[in-house]
>>> print(open('input_12.pdb').read())   # PDB, C-alpha atoms
ATOM      1  CA  MET A   1     146.289   1.755  97.143
ATOM      2  CA  TRP A   2     144.948   2.315  93.663
ATOM      3  CA  THR A   3     144.288  -0.863  91.725
ATOM      4  CA  GLU A   4     144.742  -0.956  87.969
ATOM      5  CA  GLU A   5     142.223  -3.246  86.326
ATOM      6  CA  ASN A   6     140.166  -3.158  83.153
ATOM      7  CA  ASN A   7     142.069  -0.091  81.982
ATOM      8  CA  GLN A   8     141.044   1.880  85.039
ATOM      9  CA  LEU A   9     142.671   3.074  88.235
ATOM     10  CA  ALA A  10     140.267   2.466  91.101
ATOM     11  CA  LYS A  11     140.189   3.310  94.779
ATOM     12  CA  SER A  12     137.519   3.501  97.464
ATOM     13  CA  PHE A  13     137.401   5.923 100.345
ATOM     14  CA  GLU A  14     135.352   5.802 103.527
ATOM     15  CA  PHE A  15     134.458   8.705 105.805
ATOM     16  CA  GLY A  16     132.679   9.369 109.071
ATOM     17  CA  ASP A  17     129.405  10.398 107.450
ATOM     18  CA  PHE A  18     127.848  11.780 104.279
ATOM     19  CA  THR A  19     128.860  15.408 104.758
ATOM     20  CA  GLU A  20     132.482  14.432 105.349
ATOM     21  CA  ALA A  21     132.387  12.316 102.186
ATOM     22  CA  PHE A  22     130.848  15.162 100.212
ATOM     23  CA  ALA A  23     133.434  17.685 101.457
ATOM     24  CA  PHE A  24     136.094  15.284 100.148
ATOM     25  CA  MET A  25     134.240  15.104  96.824
ATOM     26  CA  THR A  26     134.244  18.899  96.657
ATOM     27  CA  ARG A  27     138.025  18.917  96.987
ATOM     28  CA  VAL A  28     138.390  16.195  94.359
ATOM     29  CA  ALA A  29     136.095  18.231  92.087
ATOM     30  CA  PHE A  30     138.480  21.199  92.371
ATOM     31  CA  LEU A  31     141.424  18.948  91.542
ATOM     32  CA  ALA A  32     139.591  17.491  88.552
ATOM     33  CA  GLU A  33     138.939  20.964  87.151
ATOM     34  CA  LYS A  34     142.530  22.004  87.810
ATOM     35  CA  HIS A  35     143.878  18.901  86.049
ATOM     36  CA  GLY A  36     141.330  19.168  83.230
ATOM     37  CA  HIS A  37     140.685  15.487  83.907
ATOM     38  CA  HIS A  38     137.546  14.164  85.573
ATOM     39  CA  PRO A  39     136.799  10.960  87.466
ATOM     40  CA  ASP A  40     134.027   8.461  87.013
ATOM     41  CA  TRP A  41     132.905   8.177  90.581
ATOM     42  CA  SER A  42     130.077   7.143  92.815
ATOM     43  CA  ASN A  43     128.970   7.875  96.334
ATOM     44  CA  SER A  44     126.791   6.019  98.785
ATOM     45  CA  TYR A  45     126.457   7.757 102.151
ATOM     46  CA  ASN A  46     129.991   7.763 103.626
ATOM     47  CA  LYS A  47     131.656   5.843 100.783
ATOM     48  CA  VAL A  48     133.238   7.281  97.652
ATOM     49  CA  SER A  49     134.521   5.082  94.817
ATOM     50  CA  ILE A  50     136.735   6.709  92.232
ATOM     51  CA  SER A  51     137.671   5.279  88.865
ATOM     52  CA  LEU A  52     140.162   6.992  86.571
ATOM     53  CA  THR A  53     140.737   6.372  82.898
ATOM     54  CA  SER A  54     141.615   8.472  79.873
ATOM     55  CA  HIS A  55     138.469   8.394  77.748
ATOM     56  CA  ASP A  56     140.052  10.566  75.066
ATOM     57  CA  GLN A  57     143.014   8.170  74.709
ATOM     58  CA  GLY A  58     140.753   5.212  73.995
ATOM     59  CA  HIS A  59     139.897   4.334  77.579
ATOM     60  CA  VAL A  60     143.342   3.434  78.907
ATOM     61  CA  VAL A  61     145.279   4.466  82.004
ATOM     62  CA  THR A  62     147.681   7.298  81.216
ATOM     63  CA  GLN A  63     149.973   9.635  83.123
ATOM     64  CA  LYS A  64     146.997  12.008  83.562
ATOM     65  CA  ASP A  65     145.220   9.355  85.608
ATOM     66  CA  TRP A  66     148.241   8.695  87.815
ATOM     67  CA  ASP A  67     148.730  12.437  88.316
ATOM     68  CA  LEU A  68     145.129  12.923  89.444
ATOM     69  CA  ALA A  69     145.332   9.794  91.627
ATOM     70  CA  ARG A  70     148.398  11.146  93.379
ATOM     71  CA  ALA A  71     146.788  14.552  93.899
ATOM     72  CA  ILE A  72     143.686  12.903  95.393
ATOM     73  CA  ASP A  73     145.871  10.885  97.769
ATOM     74  CA  GLN A  74     147.441  14.086  99.037
ATOM     75  CA  LEU A  75     144.007  15.293 100.199
ATOM     76  CA  VAL A  76     143.514  12.562 102.772
TER      77      VAL A  76
ATOM     78  CA  MET B  77     137.955  30.614 120.727
ATOM     79  CA  TRP B  78     134.755  32.358 119.776
ATOM     80  CA  THR B  79     134.550  35.942 120.888
ATOM     81  CA  GLU B  80     131.230  37.510 121.870
ATOM     82  CA  GLU B  81     131.063  41.150 120.886
ATOM     83  CA  ASN B  82     128.399  43.449 119.492
ATOM     84  CA  ASN B  83     125.792  40.742 119.962
ATOM     85  CA  GLN B  84     127.683  38.335 117.751
ATOM     86  CA  LEU B  85     129.807  35.253 118.183
ATOM     87  CA  ALA B  86     132.833  35.539 115.925
ATOM     88  CA  LYS B  87     135.709  33.284 114.955
ATOM     89  CA  SER B  88     138.237  33.174 112.142
ATOM     90  CA  PHE B  89     139.706  30.087 110.556
ATOM     91  CA  GLU B  90     142.764  29.701 108.351
ATOM     92  CA  PHE B  91     143.522  26.860 105.954
ATOM     93  CA  GLY B  92     146.275  25.708 103.621
ATOM     94  CA  ASP B  93     144.653  27.149 100.512
ATOM     95  CA  PHE B  94     141.367  28.227  98.958
ATOM     96  CA  THR B  95     140.036  24.755  98.160
ATOM     97  CA  GLU B  96     140.660  23.576 101.706
ATOM     98  CA  ALA B  97     138.854  26.664 103.009
ATOM     99  CA  PHE B  98     135.941  26.065 100.659
ATOM    100  CA  ALA B  99     135.646  22.383 101.635
ATOM    101  CA  PHE B 100     135.342  23.576 105.243
ATOM    102  CA  MET B 101     132.663  26.065 104.155
ATOM    103  CA  THR B 102     130.774  23.218 102.482
ATOM    104  CA  ARG B 103     130.704  21.316 105.760
ATOM    105  CA  VAL B 104     129.603  24.427 107.677
ATOM    106  CA  ALA B 105     126.872  24.925 105.058
ATOM    107  CA  PHE B 106     125.536  21.438 105.786
ATOM    108  CA  LEU B 107     125.561  22.176 109.522
ATOM    109  CA  ALA B 108     123.761  25.467 108.960
ATOM    110  CA  GLU B 109     120.994  23.739 107.031
ATOM    111  CA  LYS B 110     120.761  20.993 109.639
ATOM    112  CA  HIS B 111     120.491  23.532 112.468
ATOM    113  CA  GLY B 112     118.133  25.757 110.490
ATOM    114  CA  HIS B 113     120.484  28.574 111.471
ATOM    115  CA  HIS B 114     122.847  30.287 109.065
ATOM    116  CA  PRO B 115     126.063  32.249 109.574
ATOM    117  CA  ASP B 116     127.056  35.656 108.302
ATOM    118  CA  TRP B 117     130.443  34.771 106.932
ATOM    119  CA  SER B 118     133.154  35.876 104.599
ATOM    120  CA  ASN B 119     136.042  34.257 102.795
ATOM    121  CA  SER B 120     139.257  35.586 101.358
ATOM    122  CA  TYR B 121     141.456  32.883  99.808
ATOM    123  CA  ASN B 122     142.433  30.615 102.738
ATOM    124  CA  LYS B 123     140.662  32.589 105.452
ATOM    125  CA  VAL B 124     137.076  32.163 106.644
ATOM    126  CA  SER B 125     135.468  34.522 109.155
ATOM    127  CA  ILE B 126     132.226  33.392 110.754
ATOM    128  CA  SER B 127     129.816  35.575 112.685
ATOM    129  CA  LEU B 128     126.778  34.140 114.439
ATOM    130  CA  THR B 129     123.762  35.984 115.743
ATOM    131  CA  SER B 130     120.046  35.323 116.020
ATOM    132  CA  HIS B 131     118.498  37.776 113.575
ATOM    133  CA  ASP B 132     114.967  36.599 114.371
ATOM    134  CA  GLN B 133     115.490  37.236 118.098
ATOM    135  CA  GLY B 134     116.428  40.865 117.536
ATOM    136  CA  HIS B 135     120.077  40.310 116.675
ATOM    137  CA  VAL B 136     121.329  38.825 119.921
ATOM    138  CA  VAL B 137     123.434  35.766 120.736
ATOM    139  CA  THR B 138     121.214  32.841 121.703
ATOM    140  CA  GLN B 139     121.608  29.133 122.393
ATOM    141  CA  LYS B 140     121.193  28.486 118.650
ATOM    142  CA  ASP B 141     124.388  30.430 117.995
ATOM    143  CA  TRP B 142     126.352  28.561 120.635
ATOM    144  CA  ASP B 143     125.033  25.237 119.328
ATOM    145  CA  LEU B 144     126.141  26.029 115.771
ATOM    146  CA  ALA B 145     129.487  27.364 117.040
ATOM    147  CA  ARG B 146     130.142  24.141 118.898
ATOM    148  CA  ALA B 147     129.170  22.031 115.877
ATOM    149  CA  ILE B 148     131.539  24.048 113.679
ATOM    150  CA  ASP B 149     134.363  23.542 116.168
ATOM    151  CA  GLN B 150     133.870  19.797 115.960
ATOM    152  CA  LEU B 151     134.651  19.925 112.224
ATOM    153  CA  VAL B 152     138.215  21.092 112.675
TER     154      VAL B 152
ATOM    155  CA  MET C 153     126.071  45.696  87.265
ATOM    156  CA  TRP C 154     129.466  45.649  88.903
ATOM    157  CA  THR C 155     130.391  48.889  90.619
ATOM    158  CA  GLU C 156     133.999  50.028  90.761
ATOM    159  CA  GLU C 157     134.750  51.849  93.975
ATOM    160  CA  ASN C 158     137.687  51.979  96.391
ATOM    161  CA  ASN C 159     139.787  49.964  93.957
ATOM    162  CA  GLN C 160     137.323  47.092  94.004
ATOM    163  CA  LEU C 161     134.703  45.652  91.695
ATOM    164  CA  ALA C 162     131.613  44.833  93.724
ATOM    165  CA  LYS C 163     128.314  43.119  93.042
ATOM    166  CA  SER C 164     125.593  41.525  95.164
ATOM    167  CA  PHE C 165     123.471  38.537  94.240
ATOM    168  CA  GLU C 166     120.240  37.292  95.757
ATOM    169  CA  PHE C 167     118.796  33.785  95.562
ATOM    170  CA  GLY C 168     115.721  31.858  96.633
ATOM    171  CA  ASP C 169     117.323  30.392  99.738
ATOM    172  CA  PHE C 170     120.632  29.455 101.349
ATOM    173  CA  THR C 171     121.246  26.252  99.404
ATOM    174  CA  GLU C 172     120.680  28.030  96.085
ATOM    175  CA  ALA C 173     123.114  30.748  97.167
ATOM    176  CA  PHE C 174     125.687  28.159  98.217
ATOM    177  CA  ALA C 175     125.384  26.246  94.940
ATOM    178  CA  PHE C 176     126.161  29.532  93.178
ATOM    179  CA  MET C 177     129.160  30.010  95.478
ATOM    180  CA  THR C 178     130.371  26.523  94.548
ATOM    181  CA  ARG C 179     130.346  27.485  90.880
ATOM    182  CA  VAL C 180     132.132  30.777  91.597
ATOM    183  CA  ALA C 181     134.696  28.793  93.619
ATOM    184  CA  PHE C 182     135.424  26.638  90.552
ATOM    185  CA  LEU C 183     135.822  29.759  88.418
ATOM    186  CA  ALA C 184     138.145  31.322  90.967
ATOM    187  CA  GLU C 185     140.393  28.273  90.939
ATOM    188  CA  LYS C 186     140.322  28.163  87.141
ATOM    189  CA  HIS C 187     141.246  31.836  86.893
ATOM    190  CA  GLY C 188     143.826  31.575  89.665
ATOM    191  CA  HIS C 189     142.110  34.629  91.105
ATOM    192  CA  HIS C 190     139.925  34.580  94.199
ATOM    193  CA  PRO C 191     137.172  36.874  95.434
ATOM    194  CA  ASP C 192     136.720  38.538  98.776
ATOM    195  CA  TRP C 193     133.130  37.589  99.394
ATOM    196  CA  SER C 194     130.502  37.227 102.046
ATOM    197  CA  ASN C 195     127.245  35.369 102.410
ATOM    198  CA  SER C 196     124.222  35.883 104.595
ATOM    199  CA  TYR C 197     121.456  33.318 103.991
ATOM    200  CA  ASN C 198     120.299  33.955 100.390
ATOM    201  CA  LYS C 199     122.627  36.902  99.686
ATOM    202  CA  VAL C 200     126.139  36.779  98.275
ATOM    203  CA  SER C 201     128.344  39.877  98.016
ATOM    204  CA  ILE C 202     131.428  39.634  95.859
ATOM    205  CA  SER C 203     134.344  42.044  95.827
ATOM    206  CA  LEU C 204     137.184  41.727  93.343
ATOM    207  CA  THR C 205     140.577  43.359  93.473
ATOM    208  CA  SER C 206     144.126  42.402  92.556
ATOM    209  CA  HIS C 207     145.909  42.122  95.893
ATOM    210  CA  ASP C 208     149.191  41.208  94.234
ATOM    211  CA  GLN C 209     149.097  44.350  92.062
ATOM    212  CA  GLY C 210     148.800  46.631  95.063
ATOM    213  CA  HIS C 211     145.062  46.327  95.572
ATOM    214  CA  VAL C 212     143.783  47.795  92.310
ATOM    215  CA  VAL C 213     141.242  46.623  89.753
ATOM    216  CA  THR C 214     142.966  44.869  86.856
ATOM    217  CA  GLN C 215     141.961  42.852  83.804
ATOM    218  CA  LYS C 216     141.964  39.710  85.987
ATOM    219  CA  ASP C 217     139.129  41.191  88.036
ATOM    220  CA  TRP C 218     137.059  42.090  85.004
ATOM    221  CA  ASP C 219     137.648  38.626  83.533
ATOM    222  CA  LEU C 220     136.431  36.906  86.680
ATOM    223  CA  ALA C 221     133.496  39.326  86.958
ATOM    224  CA  ARG C 222     132.407  38.493  83.426
ATOM    225  CA  ALA C 223     132.731  34.755  84.044
ATOM    226  CA  ILE C 224     130.618  35.045  87.205
ATOM    227  CA  ASP C 225     127.951  36.937  85.283
ATOM    228  CA  GLN C 226     127.731  34.092  82.798
ATOM    229  CA  LEU C 227     126.690  31.737  85.599
ATOM    230  CA  VAL C 228     123.457  33.519  86.385
TER     231      VAL C 228
ATOM    232  CA  MET D 229     110.925  10.667  84.589
ATOM    233  CA  TRP D 230     112.070   8.391  87.386
ATOM    234  CA  THR D 231     112.003   4.709  86.520
ATOM    235  CA  GLU D 232     111.258   2.099  89.178
ATOM    236  CA  GLU D 233     113.214  -1.062  88.584
ATOM    237  CA  ASN D 234     115.006  -3.601  90.789
ATOM    238  CA  ASN D 235     113.593  -1.917  93.871
ATOM    239  CA  GLN D 236     115.181   1.391  92.964
ATOM    240  CA  LEU D 237     114.040   4.730  91.626
ATOM    241  CA  ALA D 238     116.500   5.861  88.980
ATOM    242  CA  LYS D 239     117.005   8.997  86.923
ATOM    243  CA  SER D 240     119.846  10.499  84.936
ATOM    244  CA  PHE D 241     120.609  14.189  84.528
ATOM    245  CA  GLU D 242     122.831  15.943  82.021
ATOM    246  CA  PHE D 243     124.383  19.390  82.324
ATOM    247  CA  GLY D 244     126.500  21.796  80.324
ATOM    248  CA  ASP D 245     129.779  20.802  81.962
ATOM    249  CA  PHE D 246     131.316  19.287  85.071
ATOM    250  CA  THR D 247     131.010  22.333  87.320
ATOM    251  CA  GLU D 248     127.321  22.707  86.497
ATOM    252  CA  ALA D 249     126.811  19.015  87.278
ATOM    253  CA  PHE D 250     128.686  19.347  90.557
ATOM    254  CA  ALA D 251     126.699  22.431  91.604
ATOM    255  CA  PHE D 252     123.551  20.336  91.069
ATOM    256  CA  MET D 253     125.085  17.568  93.197
ATOM    257  CA  THR D 254     125.761  20.102  95.946
ATOM    258  CA  ARG D 255     122.090  21.024  96.003
ATOM    259  CA  VAL D 256     121.041  17.361  96.017
ATOM    260  CA  ALA D 257     123.494  16.793  98.886
ATOM    261  CA  PHE D 258     121.709  19.485 100.917
ATOM    262  CA  LEU D 259     118.343  17.863 100.168
ATOM    263  CA  ALA D 260     119.679  14.450 101.165
ATOM    264  CA  GLU D 261     120.841  15.774 104.518
ATOM    265  CA  LYS D 262     117.552  17.590 105.037
ATOM    266  CA  HIS D 263     115.539  14.455 104.253
ATOM    267  CA  GLY D 264     117.881  12.238 106.269
ATOM    268  CA  HIS D 265     117.902  10.035 103.184
ATOM    269  CA  HIS D 266     120.865   9.689 100.836
ATOM    270  CA  PRO D 267     121.157   8.649  97.202
ATOM    271  CA  ASP D 268     123.380   6.087  95.591
ATOM    272  CA  TRP D 269     124.713   8.174  92.757
ATOM    273  CA  SER D 270     127.456   8.484  90.237
ATOM    274  CA  ASN D 271     128.941  11.236  88.125
ATOM    275  CA  SER D 272     130.925  11.254  84.928
ATOM    276  CA  TYR D 273     131.807  14.758  83.708
ATOM    277  CA  ASN D 274     128.434  16.407  82.907
ATOM    278  CA  LYS D 275     126.249  13.391  83.747
ATOM    279  CA  VAL D 276     124.733  12.509  87.095
ATOM    280  CA  SER D 277     122.882   9.246  87.703
ATOM    281  CA  ILE D 278     120.803   8.983  90.848
ATOM    282  CA  SER D 279     119.390   5.817  92.346
ATOM    283  CA  LEU D 280     117.103   5.863  95.348
ATOM    284  CA  THR D 281     116.138   2.996  97.599
ATOM    285  CA  SER D 282     115.437   2.515 101.293
ATOM    286  CA  HIS D 283     118.345   0.431 102.516
ATOM    287  CA  ASP D 284     117.001   0.352 106.067
ATOM    288  CA  GLN D 285     113.635  -1.038 104.893
ATOM    289  CA  GLY D 286     115.271  -3.998 103.182
ATOM    290  CA  HIS D 287     116.195  -2.275  99.931
ATOM    291  CA  VAL D 288     112.763  -1.351  98.610
ATOM    292  CA  VAL D 289     111.274   1.854  97.239
ATOM    293  CA  THR D 290     109.372   3.724  99.940
ATOM    294  CA  GLN D 291     107.699   7.089 100.374
ATOM    295  CA  LYS D 292     111.080   8.521 101.487
ATOM    296  CA  ASP D 293     112.475   7.753  98.032
ATOM    297  CA  TRP D 294     109.568   9.366  96.232
ATOM    298  CA  ASP D 295     109.790  12.415  98.498
ATOM    299  CA  LEU D 296     113.492  12.893  97.756
ATOM    300  CA  ALA D 297     112.899  12.255  94.043
ATOM    301  CA  ARG D 298     110.252  14.973  93.939
ATOM    302  CA  ALA D 299     112.481  17.420  95.824
ATOM    303  CA  ILE D 300     115.333  16.745  93.377
ATOM    304  CA  ASP D 301     113.008  17.366  90.441
ATOM    305  CA  GLN D 302     112.144  20.762  91.871
ATOM    306  CA  LEU D 303     115.811  21.796  91.626
ATOM    307  CA  VAL D 304     115.984  21.569  87.853
TER     308      VAL D 304
END
>>> encode(input="input_12.pdb", output="structure tokens")
Amino acid sequence: MWTEENNQLAKSFEFGDFTEAFAFMTRVAFLAEKHGHHPDWSNSYNKVSISLTSHDQGHVVTQKDWDLARAIDQLV
Amino acid sequence: MWTEENNQLAKSFEFGDFTEAFAFMTRVAFLAEKHGHHPDWSNSYNKVSISLTSHDQGHVVTQKDWDLARAIDQLV
Amino acid sequence: MWTEENNQLAKSFEFGDFTEAFAFMTRVAFLAEKHGHHPDWSNSYNKVSISLTSHDQGHVVTQKDWDLARAIDQLV
Amino acid sequence: MWTEENNQLAKSFEFGDFTEAFAFMTRVAFLAEKHGHHPDWSNSYNKVSISLTSHDQGHVVTQKDWDLARAIDQLV
């Protein structure tokens, strides 16, 4: 589940190891380019934390964020 | 199944689309670096063809090829 | 220089090592997705060979191929 | 320059766009696997922030962190 807090959609993902996490990040990177909308995200070994907000709309959650969130969910 | 022919181990993989194929390639790339042994491979949209041989042993199939083949199989 | 032969645009690239070649491939992969046009390509350690043709136009070189070729050239 | 603070080595990198930043991350990912030592890092569009510490040594900066830092510097 994505949580909406502080004008951001956030979700954390956990994988078997670093390379599995990074392969997921590669797929998210493709989605981000396709959507023209990029995450603020961090990685630590097998964990990936994604935060989505619309910087250009004044840092609020918009339809673009929900669209990217849904597309990311379809990867896993 | 990997086929052994012309002193190479070969196998083809098919995915849902290009980004899924490329995420797989990213994971194979990590394995290749880890094993210190790199594939001859090609990609066309959702298809990836991998060929393994030991160039430094005179272009024959060695244990290094089988080890990498097995590691690749464990990804999918 | 890209060579046009057998209804394909072809060019080979050489890098310092495998990881440098694969980082280049990652950038080409992003371009391919952006252009909605994907290469037939192969990699062997530090070498990347790219072949471009328009499968959906009957396997001929079209403007889409030249556009992607130019975009790839701007990466290096 | 890497800064050492709060038992971490930290450095930020900026690139031309997201895909250039992500290609850099791909190369760092290979280094991390090679070193058996992984960064805590984050990305926002063209910016990458890397933080290195040795979790398994009680969250302090060790030679492993400096080695990975130096290897990352050689990429750019």
>>> interface_residues(input="input_12.pdb", of="chain B", to="chain A", cutoff="12 Å", atoms="only C-alpha atoms", output="JSON, numbers by chain")
{"B": [92, 93, 94, 95, 96, 97, 98, 99, 100, 101, 102, 103, 104, 105, 106, 107, 109, 110, 150, 151, 152]}
>>> calpha_fit_and_write(input="input_12.pdb", fixed="chain D", moving="chain A", output="compact mmCIF listing (two decimals) with C-alpha atoms, in the coordinates of the input")
# COMPACT_ATOMS: atom_id res chain seq x y z
CA MET A 1 110.91 10.65 84.59
CA TRP A 2 112.07 8.38 87.38
CA THR A 3 112.00 4.70 86.51
CA GLU A 4 111.26 2.11 89.17
CA GLU A 5 113.20 -1.08 88.57
CA ASN A 6 115.01 -3.59 90.76
CA ASN A 7 113.60 -1.92 93.86
CA GLN A 8 115.19 1.39 92.96
CA LEU A 9 114.04 4.74 91.62
CA ALA A 10 116.50 5.87 88.97
CA LYS A 11 117.00 8.99 86.91
CA SER A 12 119.85 10.51 84.93
CA PHE A 13 120.61 14.18 84.53
CA GLU A 14 122.83 15.93 82.02
CA PHE A 15 124.39 19.38 82.33
CA GLY A 16 126.50 21.79 80.32
CA ASP A 17 129.78 20.79 81.96
CA PHE A 18 131.32 19.28 85.07
CA THR A 19 131.01 22.32 87.32
CA GLU A 20 127.33 22.70 86.49
CA ALA A 21 126.81 19.01 87.28
CA PHE A 22 128.69 19.35 90.55
CA ALA A 23 126.70 22.44 91.60
CA PHE A 24 123.56 20.34 91.07
CA MET A 25 125.10 17.57 93.19
CA THR A 26 125.77 20.10 95.94
CA ARG A 27 122.09 21.02 96.00
CA VAL A 28 121.05 17.37 96.02
CA ALA A 29 123.50 16.80 98.89
CA PHE A 30 121.71 19.50 100.92
CA LEU A 31 118.36 17.88 100.17
CA ALA A 32 119.68 14.46 101.17
CA GLU A 33 120.84 15.79 104.53
CA LYS A 34 117.55 17.62 105.05
CA HIS A 35 115.54 14.48 104.26
CA GLY A 36 117.88 12.25 106.27
CA HIS A 37 117.90 10.04 103.19
CA HIS A 38 120.87 9.70 100.84
CA PRO A 39 121.16 8.65 97.21
CA ASP A 40 123.40 6.09 95.60
CA TRP A 41 124.71 8.17 92.76
CA SER A 42 127.46 8.49 90.23
CA ASN A 43 128.94 11.24 88.14
CA SER A 44 130.92 11.26 84.93
CA TYR A 45 131.81 14.74 83.70
CA ASN A 46 128.45 16.41 82.91
CA LYS A 47 126.26 13.39 83.74
CA VAL A 48 124.74 12.51 87.10
CA SER A 49 122.88 9.24 87.70
CA ILE A 50 120.81 8.98 90.84
CA SER A 51 119.39 5.81 92.33
CA LEU A 52 117.08 5.86 95.35
CA THR A 53 116.14 2.99 97.59
CA SER A 54 115.44 2.51 101.28
CA HIS A 55 118.35 0.42 102.52
CA ASP A 56 116.99 0.36 106.06
CA GLN A 57 113.63 -1.03 104.87
CA GLY A 58 115.27 -4.00 103.17
CA HIS A 59 116.21 -2.28 99.93
CA VAL A 60 112.76 -1.36 98.61
CA VAL A 61 111.28 1.85 97.25
CA THR A 62 109.37 3.71 99.95
CA GLN A 63 107.68 7.08 100.38
CA LYS A 64 111.06 8.50 101.49
CA ASP A 65 112.48 7.75 98.05
CA TRP A 66 109.56 9.37 96.23
CA ASP A 67 109.79 12.41 98.51
CA LEU A 68 113.49 12.89 97.77
CA ALA A 69 112.89 12.25 94.05
CA ARG A 70 110.25 14.96 93.96
CA ALA A 71 112.48 17.41 95.83
CA ILE A 72 115.34 16.74 93.39
CA ASP A 73 113.00 17.37 90.45
CA GLN A 74 112.13 20.77 91.87
CA LEU A 75 115.80 21.80 91.62
CA VAL A 76 115.98 21.59 87.85
>>> atom_distance(input="input_12.pdb", atom1="CA of Asp40 in chain A", atom2="CA of Ala238 in chain D")
17.8 Å
>>> atom_distance(input="input_12.pdb", atom1="CA of Asp56 in chain A", atom2="CA of His38 in chain A")
11.4 Å
>>> resolve_selection(input="input_12.pdb", expression="the PyMOL selection byres ((chain C and resi 220) around 10)", output="list in words")
Val180, Leu183, Ala184, Lys186, His187, Gly188, His189, His190, Pro191, Leu204, Gln215, Lys216, Asp217, Trp218, Asp219, Ala221, Arg222, Ala223, Ile224, Asp225 and Gln226 of chain C
>>> residues_around(input="input_12.pdb", residues="Glu80 in chain B", least_positions_apart="5", cutoff="10 Å", atoms="only C-alpha atoms", output="CSV table (one decimal) with C-alpha atoms, keeping the file's coordinate frame")
chain,number,residue,atom,x,y,z
B,85,LEU,CA,129.8,35.3,118.2
B,86,ALA,CA,132.8,35.5,115.9
B,87,LYS,CA,135.7,33.3,115.0
B,127,SER,CA,129.8,35.6,112.7
B,128,LEU,CA,126.8,34.1,114.4
B,129,THR,CA,123.8,36.0,115.7
B,137,VAL,CA,123.4,35.8,120.7
>>> atom_distance(input="input_12.pdb", atom1="CA of Phe241 in chain D", atom2="CA of Ser196 in chain C")
29.8 Å
>>> residues_around(input="input_12.pdb", residues="Ser270 in chain D", least_positions_apart="5", cutoff="10 Å", atoms="all atoms listed in the file", output="CSV table (one decimal) with C-alpha atoms, in the frame of the given file")
chain,number,residue,atom,x,y,z
A,40,ASP,CA,134.0,8.5,87.0
A,41,TRP,CA,132.9,8.2,90.6
A,42,SER,CA,130.1,7.1,92.8
A,43,ASN,CA,129.0,7.9,96.3
A,44,SER,CA,126.8,6.0,98.8
A,48,VAL,CA,133.2,7.3,97.7
A,49,SER,CA,134.5,5.1,94.8
A,50,ILE,CA,136.7,6.7,92.2
D,240,SER,CA,119.8,10.5,84.9
D,253,MET,CA,125.1,17.6,93.2
D,275,LYS,CA,126.2,13.4,83.7
D,276,VAL,CA,124.7,12.5,87.1
D,277,SER,CA,122.9,9.2,87.7
D,278,ILE,CA,120.8,9.0,90.8
D,279,SER,CA,119.4,5.8,92.3
